[in-house]
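Reading through the structure tokens given below for one structure.
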Amino acid sequence: MIEAVNISKSFDNIKAVDQVSIKIQEGNVFGFVGTNGAGKSTLLRILSGIIRPDSGEARIDGMEIFENVNAKELFFYISDDQYFFNNATPKEMKKFYGSFYSKFDNERFDILMEKFELAQNRKISTFSKGMKKQLSVIIGICANTKYLFCDETFDGLDPVIRQAVKSIIAKEIADRKMTTVIASHNLRELEDICDHVGLLHKGGILVSKDLYDMKLNIHKVQCVFQDEDDINKVFDKLDIIKQEKRGSLYTITSRGNRDEISRVFDGLSPVFYEVLPLSLEEIFISETEVVGYDIKKLIS
């Protein structure tokens with residue numbers, strides 16, 4: 001398990017991370033989402049032991065992470081900025097990381113390099129940004145660590161490669177229960193891979209919830225009623241988060257599962273109603289509006 005306990009970090013007068021506490025269970029895919037400057041990368045670097053927090057503790061399997069070799073053997077960190085030795089080739093980087101990670105899978109590395117059509121003897125400095133990211137993911141997967149940290153890993157990849165990378169990560173999770181932590185500025189990138197999502201804003205976690213529970217317990221309903229009094233009865237019987245009206249069409253966002261919401265509408269005989277699932281982006285917009293934040297302008 002990964003734990004952050006009241007972590008804070010400032011750079012000069014800028015509070016990058018502010019009193020963050022989280023627990024990431026084993027076998028999960030945890031997504032940190034937020035705009036540039038929200039604190040995602042700083043938090044991930046603290047969890048990776050790259051920088052020390054000003055206060056609080058970061059632990060992995062009960063061990064302090066910063067300057068702890070035993071703790072760092074448990075995870076691989078894929079940075080947003082790709083760092084390789086000058087004039088190095090993928091084959092040389094494979095040898096380098098193999099010397100640090102005892103379970104590094106050389107055979108898997110060769111297979112994945114061939115599948116992604118990346119030349120092992122070509123200088124990495126001649127690779128495009130997307131190719132360098134692909135190489136970083138391959139190295140991270142082949143390190144065979146218990147945990148994998150990804151900072152904007154999908155950014156800059158074309159749609160086909162992006163899906164291929166997600167599929168590889170999903171396979172590792174299924175095959176060996178690898179725990180993955182992904183930082184991204186894009187909610188849509190996390191929706192199909194994450195189990196739990198935390199929204200960072202101004203260095204703090206604004207919302208942190210299980211993705212399945214969020215999708216199961218909040219819905220959008222589009223409806224038309226013959227009698228306006230009936231819509232007021234809906235408002236009384238449901239936990240309404242948001243409502244909009246265009247002509248005679250109401251669009252309502254309500255907490256509750258699909259069956260509970262349907263029973264309320266069936267009992268009132270509307271002219272028309274339809275219960276719809278919300279996207280992850282719509283859920284976060286609704287949740288953050290409840291606590292007084294206009295998050296629409298902060299997420300893409």
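In the structure tokens, chains take letters A, B, ... by order of appearance, with residues numbered from 1 within each chain and ligands from 1 in the order shown.
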Considering only C-alpha atoms, return as a PDB file with C-alpha atoms, in the first residue's frame whatever protein or nucleic-acid residues lie within 10 Å of Leu216 in chain A, sequence-local ones (same chain, fewer than 5 positions apart) excluded.
```pdb
ATOM      1  CA  LEU A 211     -14.777   5.383  -9.921  1.00  0.00           C
ATOM      2  CA  ARG A 255     -27.549  10.962  -6.597  1.00  0.00           C
ATOM      3  CA  GLY A 256     -28.897   7.418  -6.397  1.00  0.00           C
ATOM      4  CA  ASN A 257     -28.729   4.218  -8.408  1.00  0.00           C
ATOM      5  CA  ARG A 258     -30.608   3.725 -11.652  1.00  0.00           C
ATOM      6  CA  PRO A 277     -24.937   7.471 -17.105  1.00  0.00           C
ATOM      7  CA  LEU A 278     -22.523  10.370 -16.599  1.00  0.00           C
TER       8      LEU A 278
END
```
Out of range 120-185 of chain A, which residues get helix (DSSP H, G or I) from DSSP, as a PyMOL selection string?
-> chain A and resi 124-126+129-142+159-176
Store the residues of this selection in a file with C-alpha atoms, as a PDB file, in the first residue's frame.
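part_31.pdb, written as the output of this step:
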```pdb
ATOM      1  CA  ILE A 124      17.485   7.573 -28.382  1.00  0.00           C
ATOM      2  CA  SER A 125      18.322  11.229 -29.088  1.00  0.00           C
ATOM      3  CA  THR A 126      16.973  10.669 -32.611  1.00  0.00           C
ATOM      4  CA  LYS A 129       8.843  12.542 -28.075  1.00  0.00           C
ATOM      5  CA  GLY A 130       6.219   9.842 -28.538  1.00  0.00           C
ATOM      6  CA  MET A 131       8.852   7.183 -29.237  1.00  0.00           C
ATOM      7  CA  LYS A 132      10.747   8.165 -26.091  1.00  0.00           C
ATOM      8  CA  LYS A 133       7.553   7.814 -24.065  1.00  0.00           C
ATOM      9  CA  GLN A 134       6.941   4.385 -25.560  1.00  0.00           C
ATOM     10  CA  LEU A 135      10.464   3.369 -24.587  1.00  0.00           C
ATOM     11  CA  SER A 136       9.954   4.664 -21.044  1.00  0.00           C
ATOM     12  CA  VAL A 137       6.756   2.629 -20.693  1.00  0.00           C
ATOM     13  CA  ILE A 138       8.488  -0.504 -22.002  1.00  0.00           C
ATOM     14  CA  ILE A 139      11.325  -0.074 -19.502  1.00  0.00           C
ATOM     15  CA  GLY A 140       8.849   0.584 -16.697  1.00  0.00           C
ATOM     16  CA  ILE A 141       6.816  -2.524 -17.510  1.00  0.00           C
ATOM     17  CA  CYS A 142       9.882  -4.723 -17.885  1.00  0.00           C
ATOM     18  CA  PRO A 159      -4.562   7.273 -30.304  1.00  0.00           C
ATOM     19  CA  VAL A 160      -3.446   3.820 -31.478  1.00  0.00           C
ATOM     20  CA  ILE A 161      -0.252   3.783 -29.395  1.00  0.00           C
ATOM     21  CA  ARG A 162      -2.122   5.283 -26.427  1.00  0.00           C
ATOM     22  CA  GLN A 163      -4.585   2.408 -26.440  1.00  0.00           C
ATOM     23  CA  ALA A 164      -1.767  -0.112 -26.857  1.00  0.00           C
ATOM     24  CA  VAL A 165       0.029   1.308 -23.814  1.00  0.00           C
ATOM     25  CA  LYS A 166      -3.177   1.167 -21.761  1.00  0.00           C
ATOM     26  CA  SER A 167      -3.704  -2.444 -22.822  1.00  0.00           C
ATOM     27  CA  ILE A 168      -0.186  -3.401 -21.745  1.00  0.00           C
ATOM     28  CA  ILE A 169      -0.645  -1.740 -18.351  1.00  0.00           C
ATOM     29  CA  ALA A 170      -4.043  -3.440 -17.928  1.00  0.00           C
ATOM     30  CA  LYS A 171      -2.465  -6.826 -18.712  1.00  0.00           C
ATOM     31  CA  GLU A 172       0.221  -6.313 -16.080  1.00  0.00           C
ATOM     32  CA  ILE A 173      -2.435  -5.418 -13.525  1.00  0.00           C
ATOM     33  CA  ALA A 174      -4.431  -8.546 -14.386  1.00  0.00           C
ATOM     34  CA  ASP A 175      -1.440 -10.899 -14.554  1.00  0.00           C
ATOM     35  CA  ARG A 176       0.571  -9.815 -11.509  1.00  0.00           C
TER      36      ARG A 176
END
```
For Arg188 in chain A: contacts at 9 Å, only C-alpha atoms, fewer than 2 positions along chain excluded, given as a ChimeraX atom specification | /A:186,190-192,279-281,300
Based on the selection just made, write N, CA and C atoms of those residues as a PDB file, in the first residue's frame.
```
ATOM      1  N   ASN A 186      -5.972  15.206 -17.986  1.00  0.00           N
ATOM      2  CA  ASN A 186      -7.128  14.914 -18.825  1.00  0.00           C
ATOM      3  C   ASN A 186      -7.963  13.787 -18.224  1.00  0.00           C
ATOM      4  N   LEU A 190      -8.244   8.930 -18.176  1.00  0.00           N
ATOM      5  CA  LEU A 190      -8.263   8.061 -17.006  1.00  0.00           C
ATOM      6  C   LEU A 190      -9.515   7.209 -16.902  1.00  0.00           C
ATOM      7  N   GLU A 191     -10.561   7.608 -17.606  1.00  0.00           N
ATOM      8  CA  GLU A 191     -11.878   7.023 -17.390  1.00  0.00           C
ATOM      9  C   GLU A 191     -11.921   5.521 -17.658  1.00  0.00           C
ATOM     10  N   ASP A 192     -11.202   5.051 -18.655  1.00  0.00           N
ATOM     11  CA  ASP A 192     -11.307   3.641 -19.031  1.00  0.00           C
ATOM     12  C   ASP A 192     -10.248   2.758 -18.397  1.00  0.00           C
ATOM     13  N   SER A 279     -20.442  10.778 -17.727  1.00  0.00           N
ATOM     14  CA  SER A 279     -19.018  10.581 -17.954  1.00  0.00           C
ATOM     15  C   SER A 279     -18.274  10.988 -16.692  1.00  0.00           C
ATOM     16  N   LEU A 280     -17.019  10.581 -16.587  1.00  0.00           N
ATOM     17  CA  LEU A 280     -16.201  10.958 -15.429  1.00  0.00           C
ATOM     18  C   LEU A 280     -16.096  12.471 -15.314  1.00  0.00           C
ATOM     19  N   GLU A 281     -15.979  13.142 -16.459  1.00  0.00           N
ATOM     20  CA  GLU A 281     -15.880  14.602 -16.439  1.00  0.00           C
ATOM     21  C   GLU A 281     -17.159  15.224 -15.893  1.00  0.00           C
ATOM     22  N   SER A 300      -9.999  19.475 -18.869  1.00  0.00           N
ATOM     23  CA  SER A 300     -10.175  19.405 -20.321  1.00  0.00           C
ATOM     24  C   SER A 300     -10.898  18.141 -20.689  1.00  0.00           C
TER      25      SER A 300
END
```
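For the residues A:Ile261, A:Val234, A:Ile182, A:Ile7, ranking by smallest atom-to-atom distance to Val197 in chain A using only C-alpha atoms places A:Ile182 first.
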Residue set, range 40-253 of chain A restricted to strand (DSSP E or B), as a PyMOL selection string | chain A and resi 55-60+63-64+75-78+147-151+179-184+196-201+204-210+218-224+239-246+249-253
Mind running range 109-177 of chain A against range 34-46 of chain A at 10 Å and telling me each contacting residue's nearest atom pair with the distance in Å (one decimal), counting only C-alpha atoms, chain and number ascending, as CSV?
```
residue,atom,partner,partner_atom,distance
A:Phe149,CA,A:Leu44,CA,7.3
A:Cys150,CA,A:Leu44,CA,8.3
A:Asp151,CA,A:Ser41,CA,6.5
A:Glu152,CA,A:Ser41,CA,8.7
```
Produce a file of the selected residues containing N, CA and C atoms, as a PDB file, in the first residue's frame.
```pdb
ATOM      1  N   PHE A 149       4.566   4.226 -11.355  1.00  0.00           N
ATOM      2  CA  PHE A 149       4.111   5.616 -11.297  1.00  0.00           C
ATOM      3  C   PHE A 149       4.261   6.237 -12.683  1.00  0.00           C
ATOM      4  N   CYS A 150       3.179   6.829 -13.182  1.00  0.00           N
ATOM      5  CA  CYS A 150       3.169   7.388 -14.539  1.00  0.00           C
ATOM      6  C   CYS A 150       2.772   8.856 -14.489  1.00  0.00           C
ATOM      7  N   ASP A 151       3.636   9.737 -14.964  1.00  0.00           N
ATOM      8  CA  ASP A 151       3.353  11.167 -14.981  1.00  0.00           C
ATOM      9  C   ASP A 151       3.094  11.618 -16.411  1.00  0.00           C
ATOM     10  N   GLU A 152       1.816  11.896 -16.724  1.00  0.00           N
ATOM     11  CA  GLU A 152       1.400  12.317 -18.074  1.00  0.00           C
ATOM     12  C   GLU A 152       1.921  11.358 -19.141  1.00  0.00           C
TER      13      GLU A 152
END
```
Looking at A:His219, A:Arg263, A:Lys146, A:Arg52, which one is nearest to Lys72 in chain A, with distances taken over only C-alpha atoms?
-> A:Lys146
Ala16 in chain A surroundings by only C-alpha atoms, 6 Å radius, close-in-sequence under 4 positions cut, as a PyMOL selection string = chain A and resi 9-10+39+203
What does the file look like for those residues with C-alpha atoms, as a compact mmCIF listing (two decimals), in the first residue's frame?
```txt
# COMPACT_ATOMS: atom_id res chain seq x y z
CA LYS A 9 5.63 20.99 -0.16
CA SER A 10 6.40 24.60 -1.08
CA GLY A 39 0.41 19.64 -7.71
CA GLY A 203 -2.11 21.59 -4.11
```
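Among the candidates A:Thr180, A:Asn68, A:Asn121, A:Asn6, the one nearest to Asn87 in chain A when counting only C-alpha atoms is A:Asn121.
The shell of residues at most 10 Å from Ser254 in chain A, with only C-alpha atoms counted and near chain neighbours (fewer than 3 positions) removed, consists of Asn217, Ile218, His219, Lys220, Val221, Phe235, Leu238, Asp239, Ile240, Ile241, Lys242, Gln243, Thr251, Asn257, Arg258, Ile261 and Ser286 of chain A.
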Write the selection just made, keeping N, CA and C atoms, as a short mmCIF file (atom, residue, chain, number, x, y, z; two decimals), in the first residue's frame?
```cif
data_model
loop_
_atom_site.label_atom_id
_atom_site.label_comp_id
_atom_site.auth_asym_id
_atom_site.auth_seq_id
_atom_site.Cartn_x
_atom_site.Cartn_y
_atom_site.Cartn_z
N ASN A 217 -23.68 5.65 -8.51
CA ASN A 217 -24.55 6.39 -7.60
C ASN A 217 -24.82 7.83 -8.01
N ILE A 218 -24.63 8.13 -9.25
CA ILE A 218 -25.02 9.45 -9.75
C ILE A 218 -25.44 9.31 -11.22
N HIS A 219 -26.57 9.93 -11.58
CA HIS A 219 -27.10 9.78 -12.93
C HIS A 219 -27.70 11.09 -13.42
N LYS A 220 -27.81 11.15 -14.73
CA LYS A 220 -28.47 12.29 -15.37
C LYS A 220 -29.82 11.81 -15.92
N VAL A 221 -30.85 12.61 -15.72
CA VAL A 221 -32.18 12.26 -16.22
C VAL A 221 -32.71 13.39 -17.09
N PHE A 235 -38.27 16.62 -7.36
CA PHE A 235 -37.27 17.32 -6.58
C PHE A 235 -37.35 16.93 -5.10
N LEU A 238 -35.93 13.02 -4.76
CA LEU A 238 -34.57 12.67 -5.17
C LEU A 238 -33.56 13.65 -4.58
N ASP A 239 -32.31 13.17 -4.50
CA ASP A 239 -31.20 14.01 -4.03
C ASP A 239 -30.63 14.73 -5.26
N ILE A 240 -31.23 15.87 -5.59
CA ILE A 240 -30.87 16.60 -6.81
C ILE A 240 -29.60 17.42 -6.58
N ILE A 241 -28.64 17.21 -7.47
CA ILE A 241 -27.40 17.99 -7.43
C ILE A 241 -27.51 19.21 -8.34
N LYS A 242 -28.15 19.01 -9.48
CA LYS A 242 -28.19 20.07 -10.49
C LYS A 242 -29.43 19.89 -11.36
N GLN A 243 -30.02 20.99 -11.81
CA GLN A 243 -31.16 20.91 -12.71
C GLN A 243 -31.09 22.04 -13.74
N THR A 251 -33.34 18.66 -17.48
CA THR A 251 -32.17 17.79 -17.35
C THR A 251 -31.74 17.85 -15.89
N ASN A 257 -28.94 5.18 -7.33
CA ASN A 257 -28.73 4.22 -8.41
C ASN A 257 -29.87 4.28 -9.42
N ARG A 258 -29.67 3.63 -10.52
CA ARG A 258 -30.61 3.73 -11.65
C ARG A 258 -32.01 3.25 -11.27
N ILE A 261 -33.93 5.79 -8.99
CA ILE A 261 -34.38 6.96 -9.74
C ILE A 261 -35.53 6.60 -10.67
N SER A 286 -20.12 17.96 -11.47
CA SER A 286 -21.24 17.98 -10.53
C SER A 286 -20.77 17.97 -9.09
#
```
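Note that CA of Asp155 in chain A and CA of Met214 in chain A are 25.2 Å apart.
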Pick the closest to Ser48 in chain A from A:Glu3, A:Asp18, A:Glu92, A:Asp81: which is it, counting only C-alpha atoms?
-> A:Glu3
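The residue set within 6 Å of range 96-112 of chain A, counting only C-alpha atoms and dropping same-chain residues fewer than 3 places from it, reads Met93, Lys115, Cys142, Ala143 and Asn144 of chain A.
Here CA of Asn232 in chain A and CA of Leu249 in chain A stand 14.0 Å from one another.
Distance-wise, CA of Thr253 in chain A and CA of Leu276 in chain A end up 9.5 Å apart.
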So, counting only C-alpha atoms, which residue among A:Gln82, A:Leu47, A:Gly27, A:Asp266 is closest to Glu67 in chain A?
-> A:Leu47
